[in-house]
Structures are given as C-alpha cells and as structure tokens.
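Remarks on the structure that follows.
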Amino acid sequence: MAKRGMSQSILKIDINAIYDNWQSLDKKSSKNVETAAVIKADAYGLSTKNIAPILAAKNIRTFFVAIAEEGIAVRKAVGNDADIFVFSGPMQSDAATIKEYNLIPLINSAHQYNQFQLNSPNQIFGIQLDTGMNRLGMEEVEFTSLGKNISNACLIMSHLACADEPSHTQNLQQLKTFHHLTDDLNIRRSLSATGGILLGPDYHFDLCRPGIGLYGGLPFEHSKPVVKLSIPVIQSRRVLAGETVGYGGNWVAKSETQVATISAGYADGLIRAIGNGQILLYDGEIGCPLIGRVSMDLITVDITQLGYIPKTLDLINKVQTIDTIAHAANTIGYEILTSLGARYNREYISG
Ligand SMILES: *Cc1c(COP(=O)(O)O)cnc(C)c1O
C-alpha cells in the first residue's frame with residue numbers, strides 16, 4: 001500500500017464486522033435458508049477486491065452484483081466455486097462476459113429470455129419478477145407467456161419496495177403476489193434484502209440477499225459499524241467575534257473561536273448538505289461542530305472547547321454513523337456509503 005500523505009484522510013473498513021453482520025443476519029432465518037451477500041457498486045463503495053475473497057473464504061457461496069462488468073471483479077476475487085448473480089439481466093453485449101466469467105443473469109423480460117436462449121443456449125440463469133415495485137423484472141403476463149420454458153431456471157426472485165417500513169401494506173401485497181406467481185414451481189426462491197430479512201420468516205423463502213446490513217447500515221439497527229473516517233487537521237486559526245468562516249461568509253463567529261480546517265470535502269463524498277449545523281467532528285468522545293460550508297477539499301470545525309489542536313478529527317465513528325450523517329443531510333446511509341471517494345487512504349481490518 002502507498003504511504004499515506006500527511007493530509008490524506010484514513011478510511012478504516014472493518015471486514016470482521018462485515019462478516020459478523022452477515023452472521024447476525026444469517027441467524028435470523030432458519031438453517032435451510034441460504035444467506036448470500038450483495039456486493040454491487042464495488043461492495044457498496046468499500047471494495048469488492050478486498051472484501052469478497054474474505055467472505056468467500058468464510059463459506060459465503062452466493063454473491064449478487066448489479067451489472068455484468070461487476071461480476072468480473074467478483075469472479076476474480078472469489079474463485080470458481082461461488083455463484084454470482086447479475087440483477088440487471090443479460091444485455092446482448094454481455095453474452096461473452098457472462099460466459100467467460102460464469103455469471104448467472106437474472107432474466108427480466110420475455111425479450112431478454114429469448115435473446116439469452118439465442119446467444120447463450122444451455123447456460124444457467126435465474127428469473128426476476130416484478131411483484132409491485134415496477135422497477136425491474138417480468139410482470140405476470142410476460143412471465144406466464146414463457147410457460148414451462150422457465151423450469152430450468154436456478155432461482156426465481158423479486159424485490160420489495162418498502163421493506164424498511166415494516167407496517168407498510170405493500171410488503172404483504174408483494175408477498176402475496178410472489179406466492180401467487182411461484183408457489184407451484186419447483187425452483188429456489190428469493191424475495192428479501194436486508195429489510196425483508198427483518199420482516200420475519202414469511203419473507204425468507206430459500207435465499208436472502210442482504211447488502212446494506214452487511215456494511216453497517218439501516219434498516220439493520222443492530223449491525224456493527226463497519227467504517228471509521230479520520231480526517232487530518234491541516235490548519236487552525238483564531239477567529240474574532242464578527243468574522244466569518246468559509247464560502248459565502250455564512251457562518252459568523254459570535255465570540256472568539258478556534259477553527260480547525262480539515263482535509264476532506266464534497267469531492268470525497270462528504271456532500272455539502274451535511275453542513276447544516278447537525279454534524280460533529282470527534283476527537284475521541286468529544287464532538288466539535290462542523291461550521292461554514294463544506295467545500296471541495298476542506299471542512300471547517302469549531303474546536304474551541306478542546307483547548308488544543310488535534311492531529312485528526314473523526315467524521316464517521318460508532319456514535320456518528322453513516323445513517324446519522326445521512327439523516328442530517330436528508331438522505332440515506334446507502335448514498336453516504338457509496339459516495340465515499342477515491343482519495344482516502346483505505347485500511348482494511350481482517351483476520
Ligand atoms: C441492492 C439490492 C439488494 C440488497 O439490498 P439492501 O437493502 O442493501 O440489503 C437486494 N436485491 C436487489 C434486487 C437489490 O437491488
């Protein structure tokens with residue numbers, strides 16, 4: 001690994017915690033239900049290359065990605081034994097990749113089915129049904145038009161739109177539709193991501209597909225935190241009452257304030273919307289308020305209460321998680337996590 005530059009932030013990624021979260025989610029379903037791992041978008045931005053081999057070595061046998069290209073990195077990382085499913089389904093130009101890396105596309109339409117049989121005869125595939133989300137997957141008419149052709153599919157799946165809201169009526173509706181479409185088939189079934197696992201055994205079928213819960217995000221409240229972000233202080237100054245800090249001069253000192261400038265900004269995925277007065281930067285247990293606007297490479301912090309200048313301040317830790325930050329910025333933990341940029345010095349904890 002390259003030596004860390006003095007102004008480079010450190011993103012610590014705890015792969016042990018990812019595996020612990022997988023185990024906790026796996027324990028929520030009965031023994032004959034398989035728990036896979038969703039590692040699309042480079043393992044939610046945390047690196048397939050670093051994470052997937054460790055999960056595979058712990059006997060996780062099934063992985064999901066969004067597009068065929070992502071499957072290449074997963075295949076290289078996990079070896080030949082694991083199953084790798086592709087949510088987006090087989091686009092015509094994916095045929096060679098799917099074959100070479102032995103990926104399993106989830107077929108989303110009759111058209112895709114026909115193309116796939118033509119381009120990739122005798123290759124293994126799964127089917128994705130739309131049960132009400134209206135995003136990806138076959139609807140009932142299309143599905144029944146395929147008749148018995150689908151009997152050699154290795155998995156039939158659908159996705160819940162509202163699983164993070166347990167009392168939402170759409171959960172039960174989608175469950176009913178999934179039963180209606182699949183009960184008389186003799187094919188392995190999967191309906192649930194993280195949220196669906198937490199809805200209970202009715203939603204588990206043969207295989208569950210958690211993503212965000214593995215990486216320490218809601219709706220899995222009892223997940224272990226996976227990421228810690230420490231940002232170096234690169235300058236500090238005393239600001240007098242009435243002086244302003246940062247772009248636009250929006251933040252005005254009410255009294256004399258010690259300001260630390262830290263070396264990360266929106267180009268690192270720390271979106272401007274986090275600069276709305278709710279976010280703290282931590283020196284150990286002590287939280288200091290983020291002040292002024294977040295800029296591309298820099299954030300300013302009121303460290304007056306410390307009485308000293310720390311070397312680094314933590315933005316993401318056990319207290320202020322990806323979801324705390326997301327909440328302040330009016331978004332979701334998934335978005336904060338997958339936005340964390342390429343400029344960090346990433347340290348992986350495992351073993
Ligand atoms: C992203 C995704 C998952 C994983 O969802 P989480 O909410 O991150 O657990 C599962 N299934 C499908 C179809 C997805 O798109």
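By order of appearance in the structure tokens: chains A, B, ..., then residues from 1 within every chain, and ligands from 1 in the order shown.
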Problem - Expected answer as a VMD selection string: residues within 8 Å of ligand 1, only C-alpha atoms and all ligand atoms - result: chain A and resid 38 40 64 66 87 158 to 159 191 to 195 209 to 214 219 334
Practice task
Could you please write out, as a ChimeraX atom specification, every residue of region 142-320 of chain A that DSSP assigns to strand (DSSP E)?
Solution key: /A:156-157,189-190,207-208,227-239,244-245,251-252,257-262,280-283,286-291,299-302,312-316
For N, CA and C atoms, I'd like the residues from the last selection saved as a compact mmCIF listing (two decimals), in the first residue's frame.
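Just written: out_25.txt:
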# COMPACT_ATOMS: atom_id res chain seq x y z
N ILE A 156 -35.61 -17.99 -8.69
CA ILE A 156 -36.64 -17.03 -9.09
C ILE A 156 -36.77 -16.01 -7.95
N MET A 157 -36.65 -14.75 -8.30
CA MET A 157 -36.58 -13.74 -7.24
C MET A 157 -37.45 -12.52 -7.55
N ARG A 189 -36.35 -19.94 -4.40
CA ARG A 189 -36.95 -18.60 -4.43
C ARG A 189 -36.22 -17.63 -3.49
N SER A 190 -36.24 -16.35 -3.87
CA SER A 190 -35.64 -15.30 -3.03
C SER A 190 -36.45 -14.02 -3.15
N LEU A 207 -33.58 -18.23 -0.11
CA LEU A 207 -32.32 -17.48 -0.13
C LEU A 207 -32.59 -16.00 0.17
N CYS A 208 -31.77 -15.40 1.05
CA CYS A 208 -31.89 -13.97 1.35
C CYS A 208 -30.67 -13.23 0.78
N VAL A 227 -17.38 1.24 9.00
CA VAL A 227 -16.40 2.25 8.56
C VAL A 227 -16.11 3.29 9.64
N LYS A 228 -14.88 3.73 9.63
CA LYS A 228 -14.46 4.84 10.50
C LYS A 228 -13.65 5.80 9.63
N LEU A 229 -13.99 7.08 9.69
CA LEU A 229 -13.30 8.06 8.84
C LEU A 229 -12.62 9.12 9.70
N SER A 230 -11.28 9.17 9.62
CA SER A 230 -10.50 10.17 10.36
C SER A 230 -9.86 11.14 9.37
N ILE A 231 -10.07 12.44 9.65
CA ILE A 231 -9.63 13.46 8.70
C ILE A 231 -8.56 14.35 9.37
N PRO A 232 -7.41 14.52 8.73
CA PRO A 232 -6.34 15.32 9.34
C PRO A 232 -6.68 16.81 9.45
N VAL A 233 -6.27 17.40 10.56
CA VAL A 233 -6.35 18.86 10.72
C VAL A 233 -5.12 19.43 10.01
N ILE A 234 -5.33 20.30 9.01
CA ILE A 234 -4.16 20.81 8.29
C ILE A 234 -3.87 22.29 8.59
N GLN A 235 -4.81 22.97 9.27
CA GLN A 235 -4.53 24.32 9.73
C GLN A 235 -5.50 24.66 10.86
N SER A 236 -5.09 25.61 11.72
CA SER A 236 -6.01 26.06 12.76
C SER A 236 -5.77 27.54 13.00
N ARG A 237 -6.83 28.26 13.26
CA ARG A 237 -6.68 29.70 13.48
C ARG A 237 -7.72 30.20 14.48
N ARG A 238 -7.39 31.37 15.07
CA ARG A 238 -8.31 32.02 15.99
C ARG A 238 -9.14 33.02 15.17
N VAL A 239 -10.45 32.96 15.31
CA VAL A 239 -11.34 33.84 14.56
C VAL A 239 -12.04 34.75 15.57
N THR A 244 -16.17 35.92 9.64
CA THR A 244 -16.91 34.80 9.03
C THR A 244 -15.95 33.69 8.65
N VAL A 245 -16.50 32.50 8.41
CA VAL A 245 -15.70 31.33 8.02
C VAL A 245 -16.29 30.72 6.76
N TRP A 251 -21.20 31.66 7.95
CA TRP A 251 -21.02 31.38 9.38
C TRP A 251 -20.28 32.56 10.01
N VAL A 252 -20.90 33.14 11.01
CA VAL A 252 -20.33 34.33 11.66
C VAL A 252 -20.01 33.98 13.11
N THR A 257 -13.31 32.29 18.42
CA THR A 257 -13.48 30.86 18.12
C THR A 257 -12.19 30.28 17.55
N GLN A 258 -11.82 29.08 18.01
CA GLN A 258 -10.69 28.39 17.41
C GLN A 258 -11.23 27.47 16.31
N VAL A 259 -10.76 27.72 15.09
CA VAL A 259 -11.28 26.97 13.94
C VAL A 259 -10.21 26.02 13.41
N ALA A 260 -10.59 24.77 13.19
CA ALA A 260 -9.68 23.81 12.55
C ALA A 260 -10.16 23.58 11.12
N THR A 261 -9.21 23.54 10.19
CA THR A 261 -9.53 23.21 8.80
C THR A 261 -9.06 21.79 8.54
N ILE A 262 -9.98 20.93 8.11
CA ILE A 262 -9.63 19.52 7.92
C ILE A 262 -9.69 19.17 6.43
N LEU A 280 -21.05 16.68 13.85
CA LEU A 280 -19.91 16.93 14.73
C LEU A 280 -18.68 16.21 14.19
N LEU A 281 -17.51 16.76 14.52
CA LEU A 281 -16.25 16.09 14.22
C LEU A 281 -15.65 15.70 15.55
N TYR A 282 -15.28 14.43 15.71
CA TYR A 282 -14.92 13.90 17.02
C TYR A 282 -13.42 13.79 17.24
N ASP A 283 -12.99 14.28 18.42
CA ASP A 283 -11.68 13.92 18.93
C ASP A 283 -11.96 12.94 20.06
N ILE A 286 -15.21 13.54 22.25
CA ILE A 286 -15.68 14.93 22.23
C ILE A 286 -16.04 15.36 20.82
N GLY A 287 -17.28 15.84 20.66
CA GLY A 287 -17.75 16.26 19.34
C GLY A 287 -17.69 17.76 19.16
N CYS A 288 -17.04 18.20 18.08
CA CYS A 288 -16.92 19.63 17.78
C CYS A 288 -17.75 19.94 16.53
N PRO A 289 -18.52 21.04 16.54
CA PRO A 289 -19.42 21.31 15.43
C PRO A 289 -18.73 21.68 14.12
N LEU A 290 -19.25 21.08 13.04
CA LEU A 290 -18.87 21.49 11.69
C LEU A 290 -19.47 22.88 11.48
N ILE A 291 -18.65 23.84 11.05
CA ILE A 291 -19.17 25.20 10.80
C ILE A 291 -18.86 25.63 9.37
N ILE A 299 -13.12 21.15 5.12
CA ILE A 299 -14.25 21.38 6.02
C ILE A 299 -13.71 22.15 7.22
N THR A 300 -14.49 23.07 7.76
CA THR A 300 -14.04 23.84 8.92
C THR A 300 -14.85 23.44 10.16
N VAL A 301 -14.14 23.45 11.31
CA VAL A 301 -14.71 22.89 12.54
C VAL A 301 -14.41 23.84 13.70
N ASP A 302 -15.39 24.04 14.56
CA ASP A 302 -15.18 24.86 15.77
C ASP A 302 -14.61 23.97 16.87
N THR A 312 -6.08 14.76 14.12
CA THR A 312 -7.16 14.36 13.21
C THR A 312 -8.50 14.53 13.93
N LEU A 313 -9.58 14.57 13.16
CA LEU A 313 -10.93 14.56 13.72
C LEU A 313 -11.73 13.49 12.96
N ASP A 314 -12.60 12.78 13.69
CA ASP A 314 -13.36 11.68 13.07
C ASP A 314 -14.75 12.16 12.65
N LEU A 315 -15.09 11.90 11.40
CA LEU A 315 -16.43 12.24 10.93
C LEU A 315 -17.38 11.05 11.06
N ILE A 316 -16.88 9.86 10.74
CA ILE A 316 -17.71 8.66 10.88
C ILE A 316 -17.08 7.78 11.96
Fill in the blank from the handout: Expressed in Å, the length from CA of Thr177 (chain A) to CA of Thr35 (chain A) is 22.5 Å
Handout entry: Test item: residues at most 9 Å from region 118-134 of chain A, only C-alpha atoms, excluding those fewer than 4 positions along its chain, as number ranges by chain
Key = A: 85, 87, 89, 92, 95-96, 98-99, 102-109, 113-114, 138-140, 143, 150, 152-162, 170, 173-178, 181
Handout entry: Residues of region 181-314 of chain A in alpha helix (DSSP H), written as a list in words
Key = Leu181, Thr182, Thr194, Gly195, Gly196, Ile197 and Leu198 of chain A
Export N, CA and C atoms of the chosen residues as a PDB file, in the first residue's frame?
ATOM      1  N   LEU A 181     -47.356 -16.179  -7.953  1.00  0.00           N
ATOM      2  CA  LEU A 181     -46.599 -16.433  -9.193  1.00  0.00           C
ATOM      3  C   LEU A 181     -45.681 -17.639  -9.101  1.00  0.00           C
ATOM      4  N   THR A 182     -45.294 -18.029  -7.897  1.00  0.00           N
ATOM      5  CA  THR A 182     -44.216 -19.031  -7.789  1.00  0.00           C
ATOM      6  C   THR A 182     -44.550 -20.291  -7.000  1.00  0.00           C
ATOM      7  N   THR A 194     -31.941  -6.825   3.010  1.00  0.00           N
ATOM      8  CA  THR A 194     -31.809  -6.600   4.454  1.00  0.00           C
ATOM      9  C   THR A 194     -33.172  -6.368   5.122  1.00  0.00           C
ATOM     10  N   GLY A 195     -33.947  -5.434   4.565  1.00  0.00           N
ATOM     11  CA  GLY A 195     -35.234  -5.095   5.178  1.00  0.00           C
ATOM     12  C   GLY A 195     -36.173  -6.285   5.255  1.00  0.00           C
ATOM     13  N   GLY A 196     -36.229  -7.068   4.200  1.00  0.00           N
ATOM     14  CA  GLY A 196     -37.110  -8.236   4.152  1.00  0.00           C
ATOM     15  C   GLY A 196     -36.723  -9.300   5.170  1.00  0.00           C
ATOM     16  N   ILE A 197     -35.432  -9.465   5.410  1.00  0.00           N
ATOM     17  CA  ILE A 197     -34.982 -10.435   6.419  1.00  0.00           C
ATOM     18  C   ILE A 197     -35.587 -10.059   7.767  1.00  0.00           C
ATOM     19  N   LEU A 198     -35.598  -8.758   8.055  1.00  0.00           N
ATOM     20  CA  LEU A 198     -36.089  -8.273   9.346  1.00  0.00           C
ATOM     21  C   LEU A 198     -37.611  -8.350   9.462  1.00  0.00           C
TER      22      LEU A 198
END
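Atom pair CA of Asn32 (chain A) / CA of His222 (chain A): separated by 23.1 Å.
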Problem - Atom-to-atom span, CA of Pro166 (chain A) and CA of Ile60 (chain A), Å - result: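 Here the two named atoms are 27.2 Å from each other.
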Completion exercise
Judged by only C-alpha atoms, the minimum distance to Gly333 (chain A) among A:Ile10, A:Leu218, A:Val33, A:Ile349 is found for A:Leu218
Problem - Nearest residue to His179 (chain A) from the set A:Arg272, A:Lys27, A:Lys58, A:His204 (distances using only C-alpha atoms) - result: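 Checking each candidate against His179 (chain A), we get A:His204 as the closest.
Distances from A:Ile13, A:Thr62, A:Ala52, A:Arg293 to Val78 (chain A) were compared using only C-alpha atoms, and the smallest one belongs to A:Ala52.
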Handout entry: Given only C-alpha atoms as the counted atoms, nearest of A:Ala56, A:Leu25, A:Ile322, A:Ala82 to Phe220 (chain A)
Key =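 Closest residue, counting only C-alpha atoms: A:Leu25.
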Practice task
Extract, using only C-alpha atoms, all DNA, RNA and protein residues at most 9 Å from Ala43 (chain A), discarding same-chain residues fewer than 4 positions from it, and format them as a PyMOL selection string.
Solution key: chain A and resi 38-39+47-49+51-52+65+211+215+338
